[in-house]
>>> print(open('final35.txt').read())   # compact mmCIF, C-alpha atoms and all ligand atoms
# COMPACT_ATOMS: atom_id res chain seq x y z
CA MET W 1 -65.80 -79.98 -78.91
CA GLU W 2 -65.50 -76.19 -78.79
CA PHE W 3 -62.91 -74.39 -76.68
CA ARG W 4 -65.42 -71.63 -75.96
CA ASP W 5 -68.84 -72.38 -77.45
CA LEU W 6 -70.25 -69.08 -78.70
CA LYS W 7 -72.64 -70.87 -81.09
CA LYS W 8 -74.35 -72.67 -78.25
CA GLN W 9 -74.62 -69.41 -76.33
CA TYR W 10 -76.24 -67.72 -79.32
CA MET W 11 -78.71 -70.59 -79.77
CA GLY W 12 -79.88 -70.07 -76.20
CA LEU W 13 -80.19 -66.28 -76.48
CA GLU W 14 -81.07 -66.06 -80.19
CA GLU W 15 -84.55 -64.58 -79.95
CA LYS W 16 -83.62 -61.85 -77.48
CA ILE W 17 -80.41 -60.94 -79.28
CA ASN W 18 -82.09 -60.75 -82.69
CA GLU W 19 -84.85 -58.60 -81.27
CA SER W 20 -82.36 -56.30 -79.61
CA ILE W 21 -80.30 -55.90 -82.80
CA ALA W 22 -83.48 -55.29 -84.83
CA GLY W 23 -84.35 -52.45 -82.45
CA VAL W 24 -81.06 -50.72 -83.28
CA LEU W 25 -81.52 -51.26 -87.02
CA SER W 26 -84.96 -49.66 -87.01
CA SER W 27 -83.79 -46.75 -84.86
CA ALA W 28 -80.87 -46.13 -87.27
CA GLN W 29 -78.75 -44.90 -84.33
CA PHE W 30 -75.55 -46.87 -84.93
CA ILE W 31 -72.87 -45.15 -82.86
CA SER W 32 -73.35 -44.30 -79.17
CA GLY W 33 -76.82 -43.00 -78.21
CA GLN W 34 -79.37 -44.07 -75.62
CA GLU W 35 -78.74 -47.82 -75.93
CA VAL W 36 -75.04 -47.35 -75.17
CA ARG W 37 -75.71 -45.06 -72.21
CA GLU W 38 -78.18 -47.58 -70.77
CA LEU W 39 -75.58 -50.31 -71.03
CA GLU W 40 -73.05 -48.09 -69.26
CA GLU W 41 -75.53 -47.53 -66.44
CA SER W 42 -76.11 -51.29 -66.08
CA LEU W 43 -72.35 -51.86 -66.02
CA GLU W 44 -71.84 -49.11 -63.40
CA GLU W 45 -74.42 -50.77 -61.23
CA TYR W 46 -73.12 -54.31 -61.69
CA VAL W 47 -69.48 -53.40 -61.06
CA GLY W 48 -70.28 -50.88 -58.33
CA VAL W 49 -68.41 -47.92 -59.82
CA LYS W 50 -69.70 -44.39 -60.47
CA HIS W 51 -68.61 -43.95 -64.09
CA CYS W 52 -68.44 -46.40 -66.98
CA ILE W 53 -67.26 -45.19 -70.37
CA THR W 54 -67.56 -47.75 -73.17
CA CYS W 55 -65.05 -47.67 -76.02
CA GLY W 56 -63.81 -49.55 -79.07
CA ASN W 57 -61.88 -52.40 -77.42
CA GLY W 58 -59.97 -53.44 -74.31
CA THR W 59 -56.64 -52.16 -75.61
CA ASP W 60 -58.04 -48.65 -76.17
CA ALA W 61 -59.62 -48.83 -72.72
CA ILE W 62 -56.17 -49.21 -71.14
CA THR W 63 -54.73 -46.45 -73.34
CA LEU W 64 -57.63 -44.11 -72.47
CA GLY W 65 -57.06 -44.74 -68.77
CA LEU W 66 -53.35 -43.98 -69.06
CA MET W 67 -54.08 -40.85 -71.13
CA ALA W 68 -56.31 -39.55 -68.33
CA TRP W 69 -53.14 -39.50 -66.21
CA ASP W 70 -51.02 -37.97 -69.02
CA VAL W 71 -48.72 -40.99 -69.11
CA GLY W 72 -45.90 -40.54 -71.60
CA PRO W 73 -42.13 -40.43 -72.14
CA GLY W 74 -40.12 -40.43 -68.92
CA ASP W 75 -42.77 -42.35 -66.99
CA ALA W 76 -42.30 -45.90 -65.75
CA VAL W 77 -45.34 -48.17 -65.97
CA PHE W 78 -45.12 -51.50 -64.13
CA VAL W 79 -46.78 -54.41 -65.92
CA PRO W 80 -46.94 -58.16 -65.23
CA ASP W 81 -44.71 -60.17 -67.56
CA PHE W 82 -47.24 -62.97 -68.00
CA THR W 83 -50.28 -61.48 -69.77
CA PHE W 84 -51.73 -60.59 -73.16
CA PHE W 85 -49.66 -58.19 -75.28
CA SER W 86 -52.01 -55.18 -74.86
CA THR W 87 -51.17 -54.70 -71.19
CA GLY W 88 -47.66 -53.67 -72.20
CA GLU W 89 -48.53 -52.31 -75.62
CA SER W 90 -50.78 -49.50 -74.36
CA PRO W 91 -48.21 -47.78 -72.09
CA ALA W 92 -45.39 -48.38 -74.61
CA SER W 93 -47.43 -46.85 -77.43
CA LEU W 94 -47.77 -43.67 -75.33
CA GLY W 95 -43.98 -43.50 -75.08
CA ALA W 96 -43.73 -44.62 -71.45
CA SER W 97 -41.05 -47.08 -70.33
CA VAL W 98 -42.47 -50.45 -69.41
CA VAL W 99 -41.04 -52.36 -66.46
CA PHE W 100 -41.99 -56.03 -66.63
CA VAL W 101 -42.61 -57.62 -63.24
CA ASP W 102 -42.69 -61.35 -62.53
CA VAL W 103 -45.90 -63.09 -61.42
CA GLU W 104 -46.88 -65.38 -58.54
CA HIS W 105 -46.38 -69.06 -59.37
CA ASP W 106 -49.82 -70.04 -58.07
CA SER W 107 -52.20 -67.17 -58.97
CA TYR W 108 -50.25 -66.19 -62.16
CA ASN W 109 -50.93 -62.54 -61.23
CA ILE W 110 -48.36 -59.78 -60.62
CA ASP W 111 -46.16 -60.53 -57.60
CA PRO W 112 -46.55 -57.66 -55.07
CA ASP W 113 -43.14 -58.27 -53.45
CA LYS W 114 -41.29 -58.25 -56.75
CA LEU W 115 -43.31 -55.22 -57.83
CA GLU W 116 -42.13 -53.24 -54.83
CA GLU W 117 -38.51 -54.23 -55.48
CA GLU W 118 -38.81 -52.91 -59.03
CA ILE W 119 -40.47 -49.67 -57.90
CA ILE W 120 -37.66 -49.05 -55.39
CA ARG W 121 -35.05 -49.82 -58.04
CA VAL W 122 -36.58 -47.28 -60.46
CA GLU W 123 -36.91 -44.71 -57.66
CA ASN W 124 -33.26 -45.15 -56.71
CA GLU W 125 -32.02 -44.96 -60.28
CA GLY W 126 -33.86 -41.67 -60.68
CA ALA W 127 -33.99 -41.69 -64.50
CA LEU W 128 -37.74 -42.34 -64.77
CA THR W 129 -40.83 -41.24 -62.84
CA PRO W 130 -42.64 -44.29 -61.44
CA LYS W 131 -46.24 -43.52 -62.37
CA VAL W 132 -48.62 -46.44 -62.85
CA VAL W 133 -48.99 -50.08 -61.88
CA ILE W 134 -51.15 -52.11 -64.26
CA ALA W 135 -52.43 -55.27 -62.61
CA VAL W 136 -54.16 -57.95 -64.67
CA ASP W 137 -56.92 -60.30 -63.46
CA LEU W 138 -55.38 -63.16 -65.37
CA PHE W 139 -57.66 -65.99 -66.50
CA GLY W 140 -60.50 -64.41 -64.47
CA LEU W 141 -58.89 -64.31 -61.02
CA PRO W 142 -58.55 -60.82 -59.49
CA ALA W 143 -54.99 -59.80 -58.60
CA ASP W 144 -54.05 -59.20 -54.94
CA TYR W 145 -55.50 -55.68 -54.75
CA LYS W 146 -55.16 -55.30 -51.00
CA LYS W 147 -51.38 -55.56 -51.25
CA LEU W 148 -51.16 -53.74 -54.59
CA LYS W 149 -53.19 -50.75 -53.39
CA ALA W 150 -51.01 -50.42 -50.27
CA ILE W 151 -47.83 -50.46 -52.40
CA CYS W 152 -49.27 -47.89 -54.83
CA ASP W 153 -50.33 -45.59 -51.97
CA LYS W 154 -46.93 -45.89 -50.30
CA HIS W 155 -45.02 -45.04 -53.49
CA ASN W 156 -47.55 -42.54 -54.84
CA LEU W 157 -48.48 -44.50 -57.96
CA TYR W 158 -51.75 -44.86 -59.83
CA LEU W 159 -53.27 -48.35 -59.99
CA LEU W 160 -54.93 -49.49 -63.22
CA GLU W 161 -56.82 -52.78 -63.19
CA ASP W 162 -56.74 -54.51 -66.58
CA GLY W 163 -59.90 -56.54 -66.09
CA ALA W 164 -60.18 -57.72 -69.72
CA GLN W 165 -60.33 -61.30 -68.43
CA GLY W 166 -61.66 -60.49 -64.98
CA PHE W 167 -65.17 -59.11 -65.52
CA GLY W 168 -67.52 -60.72 -62.99
CA GLY W 169 -64.80 -61.79 -60.55
CA LYS W 170 -64.88 -60.73 -56.91
CA ILE W 171 -62.82 -60.22 -53.80
CA ASP W 172 -65.22 -60.61 -50.89
CA GLU W 173 -68.25 -58.56 -51.97
CA ARG W 174 -66.40 -56.24 -54.32
CA ARG W 175 -66.49 -56.84 -58.07
CA ALA W 176 -63.62 -56.85 -60.53
CA CYS W 177 -63.23 -53.65 -62.57
CA SER W 178 -63.67 -51.65 -59.36
CA PHE W 179 -60.21 -52.27 -57.86
CA GLY W 180 -58.14 -49.79 -59.85
CA ASP W 181 -58.13 -46.01 -59.58
CA ILE W 182 -59.15 -46.66 -63.16
CA SER W 183 -60.19 -50.15 -64.32
CA THR W 184 -60.76 -51.48 -67.82
CA THR W 185 -62.32 -54.44 -69.55
CA SER W 186 -62.74 -55.94 -73.02
CA PHE W 187 -65.86 -57.26 -74.71
CA PHE W 188 -63.93 -59.28 -77.32
CA PRO W 189 -66.21 -62.24 -78.12
CA ALA W 190 -64.25 -64.85 -76.14
CA LYS W 191 -63.92 -62.79 -72.92
CA PRO W 192 -66.15 -63.54 -69.91
CA LEU W 193 -68.64 -60.91 -71.15
CA GLY W 194 -68.24 -60.70 -74.91
CA CYS W 195 -70.06 -58.94 -77.74
CA TYR W 196 -70.09 -59.86 -81.45
CA GLY W 197 -67.12 -57.79 -82.50
CA ASP W 198 -64.76 -55.47 -80.65
CA GLY W 199 -65.74 -53.52 -77.57
CA GLY W 200 -64.36 -52.32 -74.26
CA ALA W 201 -65.02 -50.16 -71.23
CA VAL W 202 -63.27 -47.96 -68.68
CA PHE W 203 -64.47 -47.67 -65.06
CA THR W 204 -63.66 -45.08 -62.41
CA ASP W 205 -65.17 -43.29 -59.43
CA ASN W 206 -63.31 -40.09 -60.32
CA LYS W 207 -65.52 -37.64 -62.26
CA GLU W 208 -62.66 -35.54 -63.58
CA TRP W 209 -60.92 -38.57 -65.13
CA ALA W 210 -64.26 -39.91 -66.40
CA ASP W 211 -64.98 -36.63 -68.21
CA LYS W 212 -61.48 -36.60 -69.68
CA ILE W 213 -61.81 -40.21 -70.89
CA ARG W 214 -65.20 -39.45 -72.51
CA SER W 215 -63.57 -36.57 -74.31
CA THR W 216 -60.41 -38.46 -75.32
CA ALA W 217 -62.46 -41.37 -76.73
CA VAL W 218 -64.16 -38.98 -79.18
CA HIS W 219 -61.32 -36.90 -80.67
CA GLY W 220 -60.87 -34.83 -77.53
CA LYS W 221 -64.30 -33.22 -77.84
CA SER W 222 -65.36 -30.53 -75.41
CA GLY W 223 -68.40 -31.51 -73.32
CA ASN W 224 -71.09 -32.51 -75.77
CA ASN W 225 -69.75 -30.58 -78.73
CA LYS W 226 -68.11 -33.01 -81.12
CA TYR W 227 -66.70 -30.20 -83.27
CA GLU W 228 -65.01 -28.31 -80.45
CA ASN W 229 -61.77 -30.19 -79.73
CA VAL W 230 -59.87 -29.37 -76.57
CA ARG W 231 -57.22 -32.12 -76.64
CA LEU W 232 -55.84 -34.76 -78.97
CA GLY W 233 -57.75 -37.97 -78.53
CA MET W 234 -58.76 -40.96 -80.59
CA ASN W 235 -61.84 -42.46 -82.19
CA SER W 236 -62.86 -45.26 -79.87
CA ARG W 237 -66.57 -45.85 -79.35
CA LEU W 238 -68.82 -48.83 -78.80
CA ASP W 239 -71.16 -49.59 -81.70
CA THR W 240 -74.82 -49.38 -80.72
CA ILE W 241 -75.45 -52.88 -82.10
CA GLN W 242 -72.76 -54.22 -79.76
CA ALA W 243 -74.40 -52.44 -76.83
CA ALA W 244 -77.73 -54.04 -77.76
CA ILE W 245 -76.05 -57.48 -77.80
CA LEU W 246 -74.26 -56.82 -74.51
CA LYS W 247 -77.50 -55.82 -72.83
CA VAL W 248 -78.88 -59.32 -73.44
CA LYS W 249 -75.58 -61.04 -72.65
CA LEU W 250 -75.06 -59.14 -69.39
CA GLN W 251 -78.41 -60.42 -68.18
CA ALA W 252 -77.48 -64.03 -69.01
CA PHE W 253 -74.05 -63.48 -67.41
CA GLU W 254 -75.67 -62.27 -64.17
CA GLU W 255 -78.45 -64.83 -64.14
CA PHE W 256 -76.52 -68.03 -64.83
CA GLU W 257 -73.32 -67.87 -66.90
CA LEU W 258 -70.97 -66.76 -64.11
CA GLN W 259 -72.40 -69.42 -61.81
CA SER W 260 -72.12 -72.01 -64.55
CA VAL W 261 -68.40 -71.49 -65.23
CA ASN W 262 -67.77 -71.73 -61.51
CA ASP W 263 -69.66 -75.04 -61.36
CA ILE W 264 -67.61 -76.34 -64.31
CA ALA W 265 -64.38 -75.24 -62.62
CA ILE W 266 -65.30 -77.16 -59.47
CA GLN W 267 -65.92 -80.27 -61.57
CA TYR W 268 -62.60 -79.92 -63.36
CA THR W 269 -60.66 -79.38 -60.17
CA GLU W 270 -62.30 -82.35 -58.46
CA LYS W 271 -61.69 -84.74 -61.37
CA LEU W 272 -58.17 -83.50 -62.14
CA LYS W 273 -57.06 -84.27 -58.57
CA LYS W 274 -56.36 -87.84 -59.68
CA LEU W 275 -53.94 -86.70 -62.38
CA ASP W 276 -50.37 -85.50 -62.24
CA VAL W 277 -51.16 -81.83 -63.01
CA VAL W 278 -51.41 -78.58 -61.04
CA VAL W 279 -54.95 -77.17 -60.99
CA PRO W 280 -55.67 -73.42 -60.82
CA MET W 281 -55.95 -71.89 -57.37
CA VAL W 282 -58.57 -69.46 -56.13
CA LYS W 283 -57.52 -67.47 -53.08
CA GLU W 284 -59.77 -67.42 -49.98
CA GLY W 285 -62.57 -64.88 -50.46
CA TYR W 286 -61.94 -64.57 -54.23
CA LEU W 287 -64.30 -65.45 -57.08
CA SER W 288 -62.93 -66.10 -60.56
CA SER W 289 -64.86 -65.45 -63.75
CA TRP W 290 -62.89 -68.28 -65.41
CA ALA W 291 -61.89 -66.58 -68.62
CA GLN W 292 -59.61 -69.62 -68.82
CA TYR W 293 -59.21 -72.85 -66.87
CA THR W 294 -55.46 -73.25 -67.01
CA ILE W 295 -53.48 -76.18 -65.65
CA LYS W 296 -49.73 -76.65 -65.27
CA LEU W 297 -48.13 -79.82 -66.60
CA PRO W 298 -45.09 -81.22 -64.76
CA SER W 299 -41.89 -80.77 -66.77
CA VAL W 300 -41.66 -84.50 -67.60
CA TYR W 301 -44.35 -83.94 -70.23
CA ALA W 302 -43.79 -82.11 -73.48
CA ARG W 303 -46.70 -79.68 -73.32
CA ASP W 304 -47.09 -79.31 -77.09
CA ASP W 305 -47.16 -83.08 -77.46
CA VAL W 306 -49.93 -83.38 -74.87
CA GLN W 307 -51.80 -80.64 -76.69
CA SER W 308 -51.65 -82.38 -80.06
CA LYS W 309 -52.68 -85.73 -78.54
CA LEU W 310 -55.71 -84.00 -76.99
CA LYS W 311 -56.50 -82.48 -80.36
CA GLU W 312 -56.52 -85.95 -81.94
CA ARG W 313 -59.26 -86.81 -79.43
CA ASP W 314 -61.26 -83.69 -80.37
CA VAL W 315 -60.27 -81.74 -77.25
CA PRO W 316 -59.21 -78.20 -78.24
CA THR W 317 -56.79 -76.48 -75.88
CA MET W 318 -54.83 -73.23 -75.97
CA VAL W 319 -51.47 -72.04 -74.69
CA TYR W 320 -51.89 -68.72 -72.85
CA TYR W 321 -49.09 -67.64 -73.05
CA ALA W 322 -46.20 -69.22 -74.90
CA LYS W 323 -43.92 -66.19 -74.56
CA PRO W 324 -43.47 -63.73 -71.68
CA LEU W 325 -43.91 -60.09 -72.68
CA HIS W 326 -40.30 -59.12 -72.00
CA LEU W 327 -39.15 -61.60 -74.67
CA GLN W 328 -41.50 -60.22 -77.33
CA LYS W 329 -39.50 -58.55 -80.06
CA ALA W 330 -41.72 -55.45 -79.89
CA PHE W 331 -40.51 -54.76 -76.34
CA ALA W 332 -36.84 -55.28 -77.02
CA GLU W 333 -36.25 -51.50 -76.97
CA SER W 334 -33.79 -50.28 -74.38
CA ARG W 335 -36.29 -48.00 -72.63
CA ASN W 336 -38.16 -51.07 -71.38
CA TYR W 337 -36.83 -53.21 -68.55
CA ALA W 338 -37.37 -56.66 -67.07
CA GLY W 339 -35.87 -57.96 -63.85
CA ASP W 340 -35.87 -61.61 -62.92
CA CYS W 341 -39.01 -63.04 -64.57
CA SER W 342 -38.19 -66.69 -64.08
CA VAL W 343 -41.67 -67.66 -62.84
CA SER W 344 -43.24 -66.16 -65.91
CA GLU W 345 -40.73 -67.91 -68.16
CA ALA W 346 -41.40 -71.26 -66.48
CA LEU W 347 -45.18 -70.82 -66.81
CA CYS W 348 -44.84 -70.22 -70.53
CA ARG W 349 -43.35 -73.70 -70.87
CA CYS W 350 -45.96 -75.66 -68.92
CA VAL W 351 -49.41 -73.99 -68.98
CA LEU W 352 -52.33 -75.42 -70.90
CA SER W 353 -55.85 -73.95 -71.00
CA LEU W 354 -58.68 -76.48 -71.24
CA PRO W 355 -62.11 -75.97 -72.85
CA MET W 356 -64.13 -73.70 -70.57
CA HIS W 357 -67.45 -71.90 -71.07
CA PRO W 358 -70.86 -71.62 -69.40
CA TYR W 359 -72.48 -74.09 -71.80
CA MET W 360 -70.20 -77.05 -71.07
CA THR W 361 -71.76 -80.14 -69.52
CA TYR W 362 -70.28 -82.29 -66.76
CA ASP W 363 -69.99 -85.10 -69.35
CA MET W 364 -67.75 -82.89 -71.45
CA VAL W 365 -65.58 -82.13 -68.42
CA GLU W 366 -65.32 -85.84 -67.74
CA TYR W 367 -64.37 -86.54 -71.36
CA VAL W 368 -61.61 -83.91 -71.29
CA VAL W 369 -60.20 -85.27 -68.03
CA ASP W 370 -60.42 -88.89 -69.24
CA CYS W 371 -58.56 -88.01 -72.43
CA LEU W 372 -55.88 -86.22 -70.45
CA GLY W 373 -55.70 -89.20 -68.09
CA ASN W 374 -54.93 -91.47 -71.04
CA ILE W 375 -52.03 -89.26 -72.08
CA ILE W 376 -50.35 -88.50 -68.76
CA ARG W 377 -50.00 -90.60 -65.65
CA LYS W 378 -52.32 -90.81 -62.67
CA LYS W 379 -51.14 -89.64 -59.27
C1 LIG Q 401 -57.96 -59.34 -74.42
C2 LIG Q 401 -57.12 -58.58 -73.52
C3 LIG Q 401 -56.85 -57.22 -73.71
C4 LIG Q 401 -57.24 -56.47 -74.95
O1 LIG Q 401 -58.57 -56.47 -75.25
P1 LIG Q 401 -59.03 -56.19 -76.77
O2 LIG Q 401 -60.50 -55.93 -76.65
O3 LIG Q 401 -58.72 -57.41 -77.57
O4 LIG Q 401 -58.29 -55.00 -77.26
C5 LIG Q 401 -56.08 -56.56 -72.77
N1 LIG Q 401 -55.61 -57.19 -71.69
C6 LIG Q 401 -55.83 -58.49 -71.47
C7 LIG Q 401 -55.29 -59.13 -70.24
C8 LIG Q 401 -56.58 -59.25 -72.38
O5 LIG Q 401 -56.79 -60.54 -72.16
>>> encode(input="final35.txt", output="structure tokens")
Amino acid sequence: MEFRDLKKQYMGLEEKINESIAGVLSSAQFISGQEVRELEESLEEYVGVKHCITCGNGTDAITLGLMAWDVGPGDAVFVPDFTFFSTGESPASLGASVVFVDVEHDSYNIDPDKLEEEIIRVENEGALTPKVVIAVDLFGLPADYKKLKAICDKHNLYLLEDGAQGFGGKIDERRACSFGDISTTSFFPAKPLGCYGDGGAVFTDNKEWADKIRSTAVHGKSGNNKYENVRLGMNSRLDTIQAAILKVKLQAFEEFELQSVNDIAIQYTEKLKKLDVVVPMVKEGYLSSWAQYTIKLPSVYARDDVQSKLKERDVPTMVYYAKPLHLQKAFAESRNYAGDCSVSEALCRCVLSLPMHPYMTYDMVEYVVDCLGNIIRKK
């Protein structure tokens, strides 16, 4: 069994993808160009945001967003403690101080109450300028943007949505990657919408920031003149071949893949009810894009032992994440800070992500749950 079956996806879309790639090869336009701009327009429309700027990967997307706000030394950037490394790496690499905030025990997303406590602490200490909150749509579930936006407005902070795992999710009728003042995503192959290499995108309604991001992504170019450089930037663009692949994949994502992962999630949740595990929650009015289907095992089970027993039965699983960000050696520098992150620490000991992708069958779900049921006890 595959954890995320990209081969099966390709088999289904093979003809269209090959044709689309062949079009790029015969045009010999390999970086940016019409194909990339068309993809950006489709993404703007799907997400419901005025400007989409594609770039090299999801990590650069976050960095580009932060650079639009001139984030740097002396600034505090608030980041959830339970997420992929990039969320903290991008602000830290710009010289900002990262404040790690604990997450909610049920949604696994940044805890708005604890966030506000940390903001007030930094404000009172007065050594740093609180500047940005980065919220992550972990495992596909949007963070609590209603509360987060209110906190950011109250404390005069920018909100950046790291939607690398959240593309396709919703709160009521609004799509993920539209909740931040600037939002970002990743097209890494295993993400909800993936290409066949690295890719990413930045989204915003603000034209001034959008123009700045377009410039920063191409060596700080001025307008359309690549050889007139008005600021220091980076080289972060989406390959045209990747755009051609994404064009086909976005259509499949819209037409059936997003629905399919939600059907699989319902099956999992229904069948797992009989077992002694905690299933993922989806808040009222929210839609997840199920980047991961992640369960919590009660502490009586050794998670790694359960994982290896599943592997013996040909059920691949992953541990996202085994270590909270604030315990990563790279963040051990004194300019970064973590308060009480006990929820995040506890999650790292008990989470387990099960196989999840749009091409799973209900039989496969049943097999995974049966195998798990033979390893741990029933309720
Ligand atoms: C994958 C991921 C990123 C980084 O995306 P890349 O395209 O791999 O650079 C950032 N944040 C989160 C939450 C991710 O899962």
>>> closest_atom_pairs(input="final35.txt", of="chain W", to="ligand LIG 401 (chain Q)", cutoff="6 Å", atoms="all atoms listed in the file", output="Markdown table")
| residue | atom | partner | partner_atom | distance |
| --- | --- | --- | --- | --- |
| W:Asn57 | CA | Q:LIG401 | O2 | 3.9 |
| W:Gly58 | CA | Q:LIG401 | O2 | 3.5 |
| W:Thr59 | CA | Q:LIG401 | O4 | 3.7 |
| W:Thr83 | CA | Q:LIG401 | C7 | 5.6 |
| W:Phe84 | CA | Q:LIG401 | C7 | 4.8 |
| W:Ser86 | CA | Q:LIG401 | C5 | 4.8 |
| W:Thr87 | CA | Q:LIG401 | N1 | 5.1 |
| W:Val136 | CA | Q:LIG401 | C7 | 5.8 |
| W:Asp162 | CA | Q:LIG401 | N1 | 5.9 |
| W:Ala164 | CA | Q:LIG401 | C8 | 4.7 |
| W:Gln165 | CA | Q:LIG401 | O5 | 5.2 |
| W:Ser186 | CA | Q:LIG401 | O2 | 4.3 |
| W:Phe187 | CA | Q:LIG401 | O2 | 5.9 |
| W:Phe188 | CA | Q:LIG401 | O2 | 4.8 |
| W:Asp198 | CA | Q:LIG401 | O2 | 5.9 |
| W:Gly199 | CA | Q:LIG401 | O2 | 5.8 |
| W:Gly200 | CA | Q:LIG401 | O2 | 5.8 |
>>> write_last_selection(input="final35.txt", atoms="C-alpha atoms", output="PDB file, in the frame of the given file")
ATOM      1  CA  ASN W  57     -61.880 -52.400 -77.420  1.00  0.00           C
ATOM      2  CA  GLY W  58     -59.970 -53.440 -74.310  1.00  0.00           C
ATOM      3  CA  THR W  59     -56.640 -52.160 -75.610  1.00  0.00           C
ATOM      4  CA  THR W  83     -50.280 -61.480 -69.770  1.00  0.00           C
ATOM      5  CA  PHE W  84     -51.730 -60.590 -73.160  1.00  0.00           C
ATOM      6  CA  SER W  86     -52.010 -55.180 -74.860  1.00  0.00           C
ATOM      7  CA  THR W  87     -51.170 -54.700 -71.190  1.00  0.00           C
ATOM      8  CA  VAL W 136     -54.160 -57.950 -64.670  1.00  0.00           C
ATOM      9  CA  ASP W 162     -56.740 -54.510 -66.580  1.00  0.00           C
ATOM     10  CA  ALA W 164     -60.180 -57.720 -69.720  1.00  0.00           C
ATOM     11  CA  GLN W 165     -60.330 -61.300 -68.430  1.00  0.00           C
ATOM     12  CA  SER W 186     -62.740 -55.940 -73.020  1.00  0.00           C
ATOM     13  CA  PHE W 187     -65.860 -57.260 -74.710  1.00  0.00           C
ATOM     14  CA  PHE W 188     -63.930 -59.280 -77.320  1.00  0.00           C
ATOM     15  CA  ASP W 198     -64.760 -55.470 -80.650  1.00  0.00           C
ATOM     16  CA  GLY W 199     -65.740 -53.520 -77.570  1.00  0.00           C
ATOM     17  CA  GLY W 200     -64.360 -52.320 -74.260  1.00  0.00           C
TER      18      GLY W 200
END
>>> closest_residue(input="final35.txt", among="W:Cys152, W:Val71, W:Ile120, W:Ile266", to="W:Val98", atoms="only C-alpha atoms")
W:Val71
>>> closest_atom_pairs(input="final35.txt", of="stretch 240-264 of chain W", to="stretch 31-46 of chain W", cutoff="9 Å", atoms="all atoms listed in the file", output="tab-separated table")
residue	atom	partner	partner_atom	distance
W:Thr240	CA	W:Ile31	CA	5.1
W:Ile241	CA	W:Ile31	CA	8.2
W:Gln242	CA	W:Val36	CA	8.6
W:Ala243	CA	W:Val36	CA	5.4
W:Ala244	CA	W:Glu35	CA	6.6
W:Leu246	CA	W:Leu39	CA	7.5
W:Lys247	CA	W:Leu39	CA	6.1
W:Leu250	CA	W:Leu43	CA	8.5
W:Glu254	CA	W:Tyr46	CA	8.7
>>> write_last_selection(input="final35.txt", atoms="C-alpha atoms", output="PDB file, in the coordinates of the input")
ATOM      1  CA  THR W 240     -74.820 -49.380 -80.720  1.00  0.00           C
ATOM      2  CA  ILE W 241     -75.450 -52.880 -82.100  1.00  0.00           C
ATOM      3  CA  GLN W 242     -72.760 -54.220 -79.760  1.00  0.00           C
ATOM      4  CA  ALA W 243     -74.400 -52.440 -76.830  1.00  0.00           C
ATOM      5  CA  ALA W 244     -77.730 -54.040 -77.760  1.00  0.00           C
ATOM      6  CA  LEU W 246     -74.260 -56.820 -74.510  1.00  0.00           C
ATOM      7  CA  LYS W 247     -77.500 -55.820 -72.830  1.00  0.00           C
ATOM      8  CA  LEU W 250     -75.060 -59.140 -69.390  1.00  0.00           C
ATOM      9  CA  GLU W 254     -75.670 -62.270 -64.170  1.00  0.00           C
TER      10      GLU W 254
END
>>> residues_around(input="final35.txt", residues="stretch 369-374 of chain W", least_positions_apart="3", cutoff="8 Å", atoms="all atoms listed in the file", output="short mmCIF file (atom, residue, chain, number, x, y, z; two decimals) with C-alpha atoms, in the frame of the given file")
data_model
loop_
_atom_site.label_atom_id
_atom_site.label_comp_id
_atom_site.auth_asym_id
_atom_site.auth_seq_id
_atom_site.Cartn_x
_atom_site.Cartn_y
_atom_site.Cartn_z
CA TYR W 268 -62.60 -79.92 -63.36
CA LYS W 271 -61.69 -84.74 -61.37
CA LEU W 272 -58.17 -83.50 -62.14
CA LEU W 275 -53.94 -86.70 -62.38
CA VAL W 306 -49.93 -83.38 -74.87
CA LEU W 310 -55.71 -84.00 -76.99
CA ARG W 313 -59.26 -86.81 -79.43
CA VAL W 365 -65.58 -82.13 -68.42
CA GLU W 366 -65.32 -85.84 -67.74
CA ARG W 377 -50.00 -90.60 -65.65
CA LYS W 378 -52.32 -90.81 -62.67
#
>>> closest_atom_pairs(input="final35.txt", of="stretch 84-146 of chain W", to="stretch 166-182 of chain W", cutoff="7 Å", atoms="only C-alpha atoms", output="tab-separated table")
residue	atom	partner	partner_atom	distance
W:Asp137	CA	W:Gly166	CA	5.0
W:Leu138	CA	W:Gly166	CA	6.8
W:Phe139	CA	W:Gly166	CA	7.0
W:Gly140	CA	W:Gly166	CA	4.1
W:Leu141	CA	W:Gly166	CA	6.2
W:Pro142	CA	W:Gly166	CA	6.3
W:Tyr145	CA	W:Phe179	CA	6.6
>>> residues_around(input="final35.txt", residues="W:Val77", least_positions_apart="6", cutoff="12 Å", atoms="only C-alpha atoms", output="ChimeraX atom specification")
/W:66,69,71,87-101,115,118-119,122,128-135,152,157-160,335-338
>>> atom_distance(input="final35.txt", atom1="atom CA of W:Ile245", atom2="atom CA of W:Ile17")
5.8 Å
>>> atom_distance(input="final35.txt", atom1="atom CA of W:Arg4", atom2="atom CA of W:Leu297")
21.3 Å
>>> closest_residue(input="final35.txt", among="W:Glu161, W:Glu208, W:Asp75, W:Glu312", to="W:Ile110", atoms="only C-alpha atoms")
W:Glu161
>>> atom_distance(input="final35.txt", atom1="atom CA of W:Leu354", atom2="atom CA of W:Asp276")
15.2 Å
>>> closest_residue(input="final35.txt", among="W:Ile213, W:Met360, W:Met318, W:Val103", to="W:Glu345", atoms="all atoms listed in the file")
W:Val103
>>> residues_around(input="final35.txt", residues="W:Thr317", least_positions_apart="4", cutoff="9 Å", atoms="only C-alpha atoms", output="PyMOL selection string")
chain W and resi 3+307-308+310-311+352-355
>>> residues_around(input="final35.txt", residues="W:Cys350", least_positions_apart="5", cutoff="12 Å", atoms="only C-alpha atoms", output="NGL selection string")
:W and (105 or 277-278 or 294-307 or 318-323 or 343-345)
